[in-house]
Each structure stands twice: as structure tokens, then as C-alpha cells.
Amino acid sequence: MTGIPTFALPGGFLGITRRDADPAVAIAGIALDIATTNRPGARFGPEAIRRASKMLVDGDHPLTRRAVSAMVSDVGDFEIALGDIPASMALIEQQAARFRHLITLGGDHSIALPLLRALAKRHGPVGLVHFDAHVDTWPDSFGQPYGHGSCFYHAINEGIVDPQRMIQIGIRSPVQREVMDWTLGHGVTVLSAQDVHQQGVAAIAERIRAVVGAQAAYLTFDIDALDPAFAPGTGTPEIGGLATWQAQALLRSCGGLNFAGMDMVEVAPAYDQSEITALAAATLVYEYLALLPSEM
């Protein structure tokens, strides 16, 4: 093996230093965590994910045999308005709109709302593949309309996602009956972590394909979809979650879906152990890249 040692690679995702003006796929960080309702710290997620991603650059993807970094440009971190959620969302939407295909490293899950607003202007209402421990369809977060648990309540009400083409995977937190009834009543498919454990990866992958269909879809991955044994570094951990191999296998089973963008959120490295959460997040982003058409 020749070249730069893993530990000495530059700080971009997968060691990427390119900042193309119009990349096929852009990776951006959003260091925003003021919409959290429990432990803060996801503002440091983009840095941690990028650092952990250096483990993934020693060769081609083990299944697709592709060099997934070839089409990617790390464009750095988006500007935010310090301490102001609505103003930050406006800035995020404005910056996201310039990219054809965007992968975002969060940050808390509130960033998904402005990212979806920008995406819907390009594609119309999109399908949504949502990995999480929480439904994130609460109408507010302790009186704040734009908390990290309310992003998909607003996305559905604003018509920027199609709830009939929305599937949530890994759900297992306590949730008020009216919130779950509202979610299911709008046509969202909700699969618990126990569903994944009992039914297996192949069956869940079929459900994802059946719900999302062939039209444009967005992938949003809250790292707390994983069990805290595999991802302790997050703000709102819930036991009984997915193992990293299950999440990886499910993503690998999503080849051919018409994904138009992705986010990876809620990595809070202050609570991590030996970077296992950050490495899981970086690897799942890497798996998403391997799903994208090689001609992008």
C-alpha cells in the first residue's frame, strides 16, 4: 500500500479536498444542534463523521467494486444563524438549493426540514426513507415549532414529502397516542426496530421498495436508529435498536431506488466510545454513495 497514511489524510469526507462549483454529488456539514430536546453536541457531528471516514479510503467498495469518492466534492460547512432556528433554516434551504445532489452531515434532525424544502422545489413532493428511533412528527417541541422532533410534521403539512411514500424504520421510543395516530392517519408506514429483528432484512427491504416506488425519494438517517450498543454517541438514545450490520444490509438492499439526497444526523461525539458512532455514520454515508448511479 502506498500514498498518504490513513491518519494523515486531509479533513474532508473520505479525505476529499475538492470543492467543485457544480459537483455531481456534494457533501456538506451543518453544525446546528440548538433544536435538540435532550443532550446537545451534534454540532460536532460533521467533524467527527469526516474524521472517521478516513477508515474507508483504502480501496474500492467491497461489493460494488467502485471508487465511490470519484464523483464527490466536500463543499465544507453551511452557514447558520447562531442561536436562531428559523433564520438558520432559511440559510440552509438557500445554500442547499444550489446543489444537484446533496449529502448532509448534521447536526440535529431539524436540518431535514429546510433540506427537504430545497429538494421539493427541484423534484416536487418526494418519498422518504426515514431511519430513526423516533417518529419526529410531533407538532412542536416544548412550544418551539421547529424542534428536532417536529421536522416531518411540518414536511407533511407543507406537502414537501408524500406521506403515502414515506416509511420509517427502527421506531421504538415512547410516543403519545395522538402523535402516532396522526402519523399513521396520513399514510406513513411505520416499522419498529422489533419488526426488523423479527422479519429480517430481506422482508423490510421489500417493504421499503413497495412504499417508495420509482419516483424521487430522500434518505434521512438519525444515528439513534442504531442501538446505543453500536451508537452511544447521540443525544436521545433508545435501547432495542438496529445493529450496524442490519442498517448496512438494508442500505445495500436499496440499490435502484431513485434517491435524490441524504442526511446523516444526531451524531454527538462527546458521548461516543472509540469513535464507533462516528464510524457507523461515516460508513452508512459511504454505503449510500455506493448506491448512486456511476454515471452521475
# chains A, B, ... in the order shown; residues from 1 in each chain; ligands from 1
>>> select_by_dssp(residues="range 12-221 of chain A", states="strand (DSSP E)", output="ChimeraX atom specification")
/A:25-30,72-77,102-106,126-131,161-171,189-192,217-221
>>> residues_around(residues="Asn157 in chain A", least_positions_apart="2", cutoff="12 Å", atoms="only C-alpha atoms", output="VMD selection string")
chain A and resid 113 117 125 137 to 139 150 to 155 159 to 163 182 to 183 186
>>> atom_distance(atom1="CA of Thr283 in chain A", atom2="CA of Ile103 in chain A")
13.2 Å
>>> residues_around(residues="range 70-75 of chain A", least_positions_apart="5", cutoff="9 Å", atoms="only C-alpha atoms", output="list in words")
Gly12, Phe13, Leu14, Gly15, Ile16, Thr17, Arg18, Arg19, Asp20, Ala21, Asp22, Pro23, Ala24, Val25, Ala26, Ile27, Ala28, Gly29, Leu289, Ser294, Glu295 and Met296 of chain A
>>> residues_around(residues="Ala225 in chain A", least_positions_apart="4", cutoff="6 Å", atoms="only C-alpha atoms", output="list in words")
Phe131, Asp132, Ala133, Gly170 and Gly241 of chain A
>>> write_last_selection(atoms="all heavy atoms", output="short mmCIF file (atom, residue, chain, number, x, y, z; two decimals), in the first residue's frame")
data_model
loop_
_atom_site.label_atom_id
_atom_site.label_comp_id
_atom_site.auth_asym_id
_atom_site.auth_seq_id
_atom_site.Cartn_x
_atom_site.Cartn_y
_atom_site.Cartn_z
N PHE A 131 -34.81 6.43 8.77
CA PHE A 131 -34.29 5.57 9.83
C PHE A 131 -34.21 6.39 11.12
O PHE A 131 -33.58 7.45 11.14
CB PHE A 131 -32.90 5.04 9.48
CG PHE A 131 -32.88 3.97 8.44
CD1 PHE A 131 -32.88 4.29 7.08
CD2 PHE A 131 -32.85 2.63 8.80
CE1 PHE A 131 -32.84 3.29 6.12
CE2 PHE A 131 -32.81 1.63 7.84
CZ PHE A 131 -32.82 1.96 6.50
N ASP A 132 -34.80 5.87 12.20
CA ASP A 132 -34.86 6.66 13.43
C ASP A 132 -35.41 5.81 14.55
O ASP A 132 -36.10 4.80 14.31
CB ASP A 132 -35.77 7.88 13.22
CG ASP A 132 -35.41 9.07 14.10
OD1 ASP A 132 -35.06 8.87 15.27
OD2 ASP A 132 -35.51 10.21 13.61
N ALA A 133 -35.15 6.22 15.79
CA ALA A 133 -35.85 5.65 16.94
C ALA A 133 -37.15 6.37 17.21
O ALA A 133 -38.01 5.86 17.94
CB ALA A 133 -34.96 5.72 18.18
N GLY A 170 -37.16 1.48 12.44
CA GLY A 170 -36.41 1.48 13.70
C GLY A 170 -37.14 2.17 14.85
O GLY A 170 -36.59 2.30 15.94
N GLY A 241 -32.46 -1.06 19.50
CA GLY A 241 -32.40 -0.58 18.12
C GLY A 241 -31.70 -1.53 17.16
O GLY A 241 -31.36 -2.67 17.48
#
>>> select_by_dssp(residues="range 200-267 of chain A", states="helix (DSSP H, G or I)", output="PyMOL selection string")
chain A and resi 201-212+223-225+244-252
>>> write_last_selection(atoms="N, CA, C and O atoms", output="mmCIF file, in the first residue's frame")
data_model
loop_
_atom_site.group_PDB
_atom_site.id
_atom_site.type_symbol
_atom_site.label_atom_id
_atom_site.label_comp_id
_atom_site.auth_asym_id
_atom_site.auth_seq_id
_atom_site.Cartn_x
_atom_site.Cartn_y
_atom_site.Cartn_z
ATOM 1 N N VAL A 201 -33.944 -8.601 7.231
ATOM 2 C CA VAL A 201 -33.558 -7.537 6.300
ATOM 3 C C VAL A 201 -34.292 -7.660 4.970
ATOM 4 O O VAL A 201 -34.779 -6.667 4.419
ATOM 5 N N ALA A 202 -34.379 -8.854 4.422
ATOM 6 C CA ALA A 202 -34.972 -9.023 3.089
ATOM 7 C C ALA A 202 -36.423 -8.561 3.070
ATOM 8 O O ALA A 202 -36.858 -7.871 2.133
ATOM 9 N N ALA A 203 -37.192 -8.916 4.092
ATOM 10 C CA ALA A 203 -38.605 -8.530 4.135
ATOM 11 C C ALA A 203 -38.760 -7.017 4.293
ATOM 12 O O ALA A 203 -39.629 -6.402 3.657
ATOM 13 N N ILE A 204 -37.928 -6.408 5.138
ATOM 14 C CA ILE A 204 -38.012 -4.958 5.332
ATOM 15 C C ILE A 204 -37.598 -4.228 4.059
ATOM 16 O O ILE A 204 -38.199 -3.213 3.680
ATOM 17 N N ALA A 205 -36.584 -4.734 3.375
ATOM 18 C CA ALA A 205 -36.157 -4.119 2.116
ATOM 19 C C ALA A 205 -37.281 -4.138 1.093
ATOM 20 O O ALA A 205 -37.477 -3.170 0.342
ATOM 21 N N GLU A 206 -38.046 -5.213 1.056
ATOM 22 C CA GLU A 206 -39.192 -5.288 0.140
ATOM 23 C C GLU A 206 -40.247 -4.266 0.501
ATOM 24 O O GLU A 206 -40.860 -3.653 -0.376
ATOM 25 N N ARG A 207 -40.474 -4.057 1.808
ATOM 26 C CA ARG A 207 -41.433 -3.041 2.228
ATOM 27 C C ARG A 207 -40.978 -1.653 1.799
ATOM 28 O O ARG A 207 -41.782 -0.829 1.344
ATOM 29 N N ILE A 208 -39.680 -1.376 1.955
ATOM 30 C CA ILE A 208 -39.157 -0.070 1.544
ATOM 31 C C ILE A 208 -39.423 0.151 0.056
ATOM 32 O O ILE A 208 -39.930 1.207 -0.351
ATOM 33 N N ARG A 209 -39.102 -0.813 -0.763
ATOM 34 C CA ARG A 209 -39.294 -0.681 -2.207
ATOM 35 C C ARG A 209 -40.769 -0.511 -2.556
ATOM 36 O O ARG A 209 -41.122 0.298 -3.425
ATOM 37 N N ALA A 210 -41.624 -1.269 -1.892
ATOM 38 C CA ALA A 210 -43.053 -1.195 -2.192
ATOM 39 C C ALA A 210 -43.629 0.172 -1.834
ATOM 40 O O ALA A 210 -44.484 0.707 -2.553
ATOM 41 N N VAL A 211 -43.168 0.752 -0.730
ATOM 42 C CA VAL A 211 -43.700 2.043 -0.292
ATOM 43 C C VAL A 211 -43.149 3.177 -1.142
ATOM 44 O O VAL A 211 -43.894 4.067 -1.593
ATOM 45 N N VAL A 212 -41.849 3.180 -1.393
ATOM 46 C CA VAL A 212 -41.201 4.325 -2.033
ATOM 47 C C VAL A 212 -41.452 4.362 -3.541
ATOM 48 O O VAL A 212 -41.643 5.435 -4.124
ATOM 49 N N ILE A 223 -28.863 8.701 13.588
ATOM 50 C CA ILE A 223 -27.992 7.637 14.062
ATOM 51 C C ILE A 223 -28.588 6.903 15.251
ATOM 52 O O ILE A 223 -28.187 5.759 15.534
ATOM 53 N N ASP A 224 -29.582 7.483 15.943
ATOM 54 C CA ASP A 224 -30.187 6.749 17.046
ATOM 55 C C ASP A 224 -31.141 5.651 16.579
ATOM 56 O O ASP A 224 -31.711 4.924 17.412
ATOM 57 N N ALA A 225 -31.293 5.478 15.275
ATOM 58 C CA ALA A 225 -31.930 4.259 14.777
ATOM 59 C C ALA A 225 -31.140 3.036 15.215
ATOM 60 O O ALA A 225 -31.702 1.953 15.431
ATOM 61 N N THR A 244 -25.543 -2.367 13.578
ATOM 62 C CA THR A 244 -24.929 -1.720 12.421
ATOM 63 C C THR A 244 -25.028 -2.608 11.180
ATOM 64 O O THR A 244 -25.230 -2.102 10.073
ATOM 65 N N TRP A 245 -24.906 -3.924 11.349
ATOM 66 C CA TRP A 245 -24.971 -4.801 10.170
ATOM 67 C C TRP A 245 -26.355 -4.774 9.549
ATOM 68 O O TRP A 245 -26.486 -4.880 8.324
ATOM 69 N N GLN A 246 -27.403 -4.621 10.374
ATOM 70 C CA GLN A 246 -28.759 -4.554 9.823
ATOM 71 C C GLN A 246 -28.947 -3.280 9.002
ATOM 72 O O GLN A 246 -29.499 -3.314 7.895
ATOM 73 N N ALA A 247 -28.497 -2.150 9.542
ATOM 74 C CA ALA A 247 -28.622 -0.891 8.810
ATOM 75 C C ALA A 247 -27.817 -0.931 7.516
ATOM 76 O O ALA A 247 -28.291 -0.494 6.454
ATOM 77 N N GLN A 248 -26.612 -1.461 7.584
ATOM 78 C CA GLN A 248 -25.774 -1.572 6.394
ATOM 79 C C GLN A 248 -26.430 -2.473 5.351
ATOM 80 O O GLN A 248 -26.483 -2.143 4.160
ATOM 81 N N ALA A 249 -26.956 -3.607 5.792
ATOM 82 C CA ALA A 249 -27.594 -4.535 4.857
ATOM 83 C C ALA A 249 -28.850 -3.932 4.242
ATOM 84 O O ALA A 249 -29.125 -4.133 3.049
ATOM 85 N N LEU A 250 -29.607 -3.173 5.016
ATOM 86 C CA LEU A 250 -30.805 -2.540 4.471
ATOM 87 C C LEU A 250 -30.439 -1.503 3.414
ATOM 88 O O LEU A 250 -31.080 -1.422 2.356
ATOM 89 N N LEU A 251 -29.410 -0.710 3.684
ATOM 90 C CA LEU A 251 -28.985 0.263 2.672
ATOM 91 C C LEU A 251 -28.494 -0.439 1.413
ATOM 92 O O LEU A 251 -28.811 -0.023 0.289
ATOM 93 N N ARG A 252 -27.744 -1.496 1.573
ATOM 94 C CA ARG A 252 -27.247 -2.218 0.398
ATOM 95 C C ARG A 252 -28.388 -2.842 -0.403
ATOM 96 O O ARG A 252 -28.223 -3.118 -1.597
#
>>> residues_around(residues="Thr6 in chain A", least_positions_apart="2", cutoff="6 Å", atoms="only C-alpha atoms", output="PyMOL selection string")
chain A and resi 8-9+54
>>> write_last_selection(atoms="N, CA, C and O atoms", output="PDB file, in the first residue's frame")
ATOM      1  N   ALA A   8      -3.112  10.577   8.249  1.00  0.00           N
ATOM      2  CA  ALA A   8      -2.607  11.860   7.749  1.00  0.00           C
ATOM      3  C   ALA A   8      -3.444  12.430   6.612  1.00  0.00           C
ATOM      4  O   ALA A   8      -3.086  13.458   6.032  1.00  0.00           O
ATOM      5  N   LEU A   9      -4.563  11.784   6.282  1.00  0.00           N
ATOM      6  CA  LEU A   9      -5.404  12.271   5.193  1.00  0.00           C
ATOM      7  C   LEU A   9      -5.995  13.639   5.532  1.00  0.00           C
ATOM      8  O   LEU A   9      -6.187  13.967   6.707  1.00  0.00           O
ATOM      9  N   LYS A  54     -12.055   8.491   7.212  1.00  0.00           N
ATOM     10  CA  LYS A  54     -10.723   8.160   6.701  1.00  0.00           C
ATOM     11  C   LYS A  54     -10.477   6.652   6.690  1.00  0.00           C
ATOM     12  O   LYS A  54      -9.621   6.165   5.947  1.00  0.00           O
TER      13      LYS A  54
END
>>> residues_around(residues="range 81-92 of chain A", least_positions_apart="6", cutoff="9 Å", atoms="only C-alpha atoms", output="list in words")
Ile30, Leu32, Ile34, Ala35, Ser110, Ile111, Leu113, Pro114, Leu115, Ala118, Tyr146 and Gly147 of chain A
>>> write_last_selection(atoms="N, CA and C atoms", output="PDB file, in the first residue's frame")
ATOM      1  N   ILE A  30     -23.551  20.574   8.518  1.00  0.00           N
ATOM      2  CA  ILE A  30     -24.385  21.611   9.146  1.00  0.00           C
ATOM      3  C   ILE A  30     -24.241  21.444  10.658  1.00  0.00           C
ATOM      4  N   LEU A  32     -25.439  22.422  13.477  1.00  0.00           N
ATOM      5  CA  LEU A  32     -26.567  23.033  14.188  1.00  0.00           C
ATOM      6  C   LEU A  32     -27.158  22.003  15.141  1.00  0.00           C
ATOM      7  N   ILE A  34     -29.200  23.339  18.117  1.00  0.00           N
ATOM      8  CA  ILE A  34     -29.980  24.089  19.096  1.00  0.00           C
ATOM      9  C   ILE A  34     -31.445  23.672  19.122  1.00  0.00           C
ATOM     10  N   ALA A  35     -31.822  22.702  18.271  1.00  0.00           N
ATOM     11  CA  ALA A  35     -33.202  22.204  18.286  1.00  0.00           C
ATOM     12  C   ALA A  35     -33.325  20.884  19.037  1.00  0.00           C
ATOM     13  N   SER A 110     -33.518  18.622  12.938  1.00  0.00           N
ATOM     14  CA  SER A 110     -34.287  19.756  12.421  1.00  0.00           C
ATOM     15  C   SER A 110     -33.788  20.200  11.050  1.00  0.00           C
ATOM     16  N   ILE A 111     -32.531  19.907  10.716  1.00  0.00           N
ATOM     17  CA  ILE A 111     -31.994  20.354   9.429  1.00  0.00           C
ATOM     18  C   ILE A 111     -32.673  19.664   8.249  1.00  0.00           C
ATOM     19  N   LEU A 113     -35.765  19.496   7.570  1.00  0.00           N
ATOM     20  CA  LEU A 113     -36.882  20.282   7.034  1.00  0.00           C
ATOM     21  C   LEU A 113     -36.425  21.267   5.957  1.00  0.00           C
ATOM     22  N   PRO A 114     -35.453  22.140   6.204  1.00  0.00           N
ATOM     23  CA  PRO A 114     -35.022  23.031   5.118  1.00  0.00           C
ATOM     24  C   PRO A 114     -34.392  22.292   3.951  1.00  0.00           C
ATOM     25  N   LEU A 115     -33.723  21.173   4.219  1.00  0.00           N
ATOM     26  CA  LEU A 115     -33.160  20.381   3.118  1.00  0.00           C
ATOM     27  C   LEU A 115     -34.271  19.837   2.230  1.00  0.00           C
ATOM     28  N   ALA A 118     -35.805  22.641   0.058  1.00  0.00           N
ATOM     29  CA  ALA A 118     -34.995  22.910  -1.132  1.00  0.00           C
ATOM     30  C   ALA A 118     -35.167  21.811  -2.167  1.00  0.00           C
ATOM     31  N   TYR A 146     -40.074  24.332  15.713  1.00  0.00           N
ATOM     32  CA  TYR A 146     -39.084  23.722  14.845  1.00  0.00           C
ATOM     33  C   TYR A 146     -38.029  22.942  15.621  1.00  0.00           C
ATOM     34  N   GLY A 147     -38.463  22.109  16.560  1.00  0.00           N
ATOM     35  CA  GLY A 147     -37.543  21.222  17.247  1.00  0.00           C
ATOM     36  C   GLY A 147     -37.137  20.053  16.377  1.00  0.00           C
TER      37      GLY A 147
END
>>> closest_residue(among="A:Gly149, A:Gly235, A:Pro10, A:Gly107", to="Arg51 in chain A", atoms="only C-alpha atoms")
A:Pro10
>>> closest_residue(among="A:Leu242, A:Gly59, A:Ile156, A:Asp181", to="Ala193 in chain A", atoms="only C-alpha atoms")
A:Leu242
>>> atom_distance(atom1="CA of Ala42 in chain A", atom2="CA of Gly106 in chain A")
6.7 Å
>>> closest_residue(among="A:Pro62, A:Gly76, A:Gly255, A:Gly11", to="Leu102 in chain A", atoms="only C-alpha atoms")
A:Gly76
>>> atom_distance(atom1="CA of Met264 in chain A", atom2="CA of Ala112 in chain A")
9.4 Å
>>> decode(residues="range 7-22 of chain A", atoms="all heavy atoms", output="mmCIF file, in the first residue's frame")
data_model
loop_
_atom_site.group_PDB
_atom_site.id
_atom_site.type_symbol
_atom_site.label_atom_id
_atom_site.label_comp_id
_atom_site.auth_asym_id
_atom_site.auth_seq_id
_atom_site.Cartn_x
_atom_site.Cartn_y
_atom_site.Cartn_z
ATOM 1 N N PHE A 7 -4.125 8.101 8.860
ATOM 2 C CA PHE A 7 -4.173 9.126 9.905
ATOM 3 C C PHE A 7 -3.775 10.508 9.407
ATOM 4 O O PHE A 7 -4.068 11.514 10.057
ATOM 5 C CB PHE A 7 -3.302 8.725 11.099
ATOM 6 C CG PHE A 7 -1.839 8.571 10.776
ATOM 7 C CD1 PHE A 7 -1.000 9.668 10.706
ATOM 8 C CD2 PHE A 7 -1.310 7.309 10.540
ATOM 9 C CE1 PHE A 7 0.340 9.513 10.399
ATOM 10 C CE2 PHE A 7 0.041 7.145 10.247
ATOM 11 C CZ PHE A 7 0.867 8.252 10.172
ATOM 12 N N ALA A 8 -3.112 10.577 8.249
ATOM 13 C CA ALA A 8 -2.607 11.860 7.749
ATOM 14 C C ALA A 8 -3.444 12.430 6.612
ATOM 15 O O ALA A 8 -3.086 13.458 6.032
ATOM 16 C CB ALA A 8 -1.158 11.693 7.284
ATOM 17 N N LEU A 9 -4.563 11.784 6.282
ATOM 18 C CA LEU A 9 -5.404 12.271 5.193
ATOM 19 C C LEU A 9 -5.995 13.639 5.532
ATOM 20 O O LEU A 9 -6.187 13.967 6.707
ATOM 21 C CB LEU A 9 -6.534 11.284 4.916
ATOM 22 C CG LEU A 9 -6.144 9.993 4.191
ATOM 23 C CD1 LEU A 9 -7.272 8.976 4.273
ATOM 24 C CD2 LEU A 9 -5.789 10.286 2.744
ATOM 25 N N PRO A 10 -6.319 14.440 4.506
ATOM 26 C CA PRO A 10 -6.973 15.730 4.754
ATOM 27 C C PRO A 10 -8.314 15.561 5.448
ATOM 28 O O PRO A 10 -8.863 14.455 5.537
ATOM 29 C CB PRO A 10 -7.153 16.307 3.344
ATOM 30 C CG PRO A 10 -6.146 15.600 2.501
ATOM 31 C CD PRO A 10 -6.016 14.223 3.081
ATOM 32 N N GLY A 11 -8.875 16.663 5.923
ATOM 33 C CA GLY A 11 -10.038 16.609 6.797
ATOM 34 C C GLY A 11 -11.383 16.453 6.133
ATOM 35 O O GLY A 11 -12.392 16.325 6.825
ATOM 36 N N GLY A 12 -11.474 16.471 4.794
ATOM 37 C CA GLY A 12 -12.765 16.307 4.139
ATOM 38 C C GLY A 12 -13.284 14.887 4.238
ATOM 39 O O GLY A 12 -12.546 13.960 4.594
ATOM 40 N N PHE A 13 -14.569 14.690 3.908
ATOM 41 C CA PHE A 13 -15.137 13.346 3.929
ATOM 42 C C PHE A 13 -14.373 12.463 2.951
ATOM 43 O O PHE A 13 -14.131 12.850 1.807
ATOM 44 C CB PHE A 13 -16.618 13.399 3.557
ATOM 45 C CG PHE A 13 -17.328 12.081 3.752
ATOM 46 C CD1 PHE A 13 -17.757 11.701 5.012
ATOM 47 C CD2 PHE A 13 -17.544 11.221 2.693
ATOM 48 C CE1 PHE A 13 -18.392 10.485 5.214
ATOM 49 C CE2 PHE A 13 -18.185 10.005 2.875
ATOM 50 C CZ PHE A 13 -18.606 9.628 4.148
ATOM 51 N N LEU A 14 -13.964 11.280 3.405
ATOM 52 C CA LEU A 14 -13.114 10.355 2.637
ATOM 53 C C LEU A 14 -11.802 11.007 2.219
ATOM 54 O O LEU A 14 -11.195 10.635 1.218
ATOM 55 C CB LEU A 14 -13.856 9.817 1.404
ATOM 56 C CG LEU A 14 -15.148 9.040 1.659
ATOM 57 C CD1 LEU A 14 -15.782 8.609 0.335
ATOM 58 C CD2 LEU A 14 -14.901 7.824 2.547
ATOM 59 N N GLY A 15 -11.378 12.016 2.979
ATOM 60 C CA GLY A 15 -10.141 12.714 2.658
ATOM 61 C C GLY A 15 -10.241 13.623 1.453
ATOM 62 O O GLY A 15 -9.219 14.098 0.938
ATOM 63 N N ILE A 16 -11.467 13.905 0.994
ATOM 64 C CA ILE A 16 -11.670 14.699 -0.226
ATOM 65 C C ILE A 16 -11.351 16.164 0.048
ATOM 66 O O ILE A 16 -11.793 16.745 1.046
ATOM 67 C CB ILE A 16 -13.130 14.548 -0.720
ATOM 68 C CG1 ILE A 16 -13.392 13.103 -1.159
ATOM 69 C CG2 ILE A 16 -13.436 15.521 -1.854
ATOM 70 C CD1 ILE A 16 -14.857 12.770 -1.315
ATOM 71 N N THR A 17 -10.596 16.760 -0.847
ATOM 72 C CA THR A 17 -10.280 18.180 -0.737
ATOM 73 C C THR A 17 -10.916 18.999 -1.857
ATOM 74 O O THR A 17 -10.848 20.227 -1.836
ATOM 75 C CB THR A 17 -8.756 18.382 -0.775
ATOM 76 O OG1 THR A 17 -8.228 17.819 -1.988
ATOM 77 C CG2 THR A 17 -8.086 17.726 0.416
ATOM 78 N N ARG A 18 -11.545 18.336 -2.843
ATOM 79 C CA ARG A 18 -12.164 19.073 -3.956
ATOM 80 C C ARG A 18 -13.356 19.889 -3.469
ATOM 81 O O ARG A 18 -14.143 19.431 -2.649
ATOM 82 C CB ARG A 18 -12.653 18.099 -5.039
ATOM 83 C CG ARG A 18 -11.569 17.308 -5.717
ATOM 84 C CD ARG A 18 -12.143 16.499 -6.891
ATOM 85 N NE ARG A 18 -13.255 15.642 -6.486
ATOM 86 C CZ ARG A 18 -13.096 14.422 -5.965
ATOM 87 N NH1 ARG A 18 -11.877 13.939 -5.780
ATOM 88 N NH2 ARG A 18 -14.135 13.690 -5.620
ATOM 89 N N ARG A 19 -13.501 21.083 -3.995
ATOM 90 C CA ARG A 19 -14.679 21.915 -3.755
ATOM 91 C C ARG A 19 -15.160 22.443 -5.100
ATOM 92 O O ARG A 19 -15.058 23.636 -5.397
ATOM 93 C CB ARG A 19 -14.380 23.052 -2.789
ATOM 94 C CG ARG A 19 -14.106 22.586 -1.365
ATOM 95 C CD ARG A 19 -14.285 23.677 -0.349
ATOM 96 N NE ARG A 19 -14.108 23.178 1.007
ATOM 97 C CZ ARG A 19 -14.314 23.902 2.103
ATOM 98 N NH1 ARG A 19 -14.682 25.170 1.993
ATOM 99 N NH2 ARG A 19 -14.129 23.392 3.302
ATOM 100 N N ASP A 20 -15.682 21.520 -5.923
ATOM 101 C CA ASP A 20 -16.131 21.886 -7.260
ATOM 102 C C ASP A 20 -17.302 22.848 -7.185
ATOM 103 O O ASP A 20 -18.127 22.794 -6.268
ATOM 104 C CB ASP A 20 -16.542 20.637 -8.040
ATOM 105 C CG ASP A 20 -15.398 19.633 -8.173
ATOM 106 O OD1 ASP A 20 -14.236 20.082 -8.137
ATOM 107 O OD2 ASP A 20 -15.672 18.431 -8.290
ATOM 108 N N ALA A 21 -17.416 23.703 -8.189
ATOM 109 C CA ALA A 21 -18.510 24.669 -8.220
ATOM 110 C C ALA A 21 -19.848 23.994 -8.447
ATOM 111 O O ALA A 21 -20.869 24.416 -7.900
ATOM 112 C CB ALA A 21 -18.246 25.704 -9.316
ATOM 113 N N ASP A 22 -19.879 22.936 -9.252
ATOM 114 C CA ASP A 22 -21.131 22.232 -9.546
ATOM 115 C C ASP A 22 -20.886 20.722 -9.516
ATOM 116 O O ASP A 22 -20.883 20.065 -10.555
ATOM 117 C CB ASP A 22 -21.668 22.662 -10.924
ATOM 118 C CG ASP A 22 -23.032 22.058 -11.233
ATOM 119 O OD1 ASP A 22 -23.762 21.726 -10.278
ATOM 120 O OD2 ASP A 22 -23.351 21.915 -12.427
#
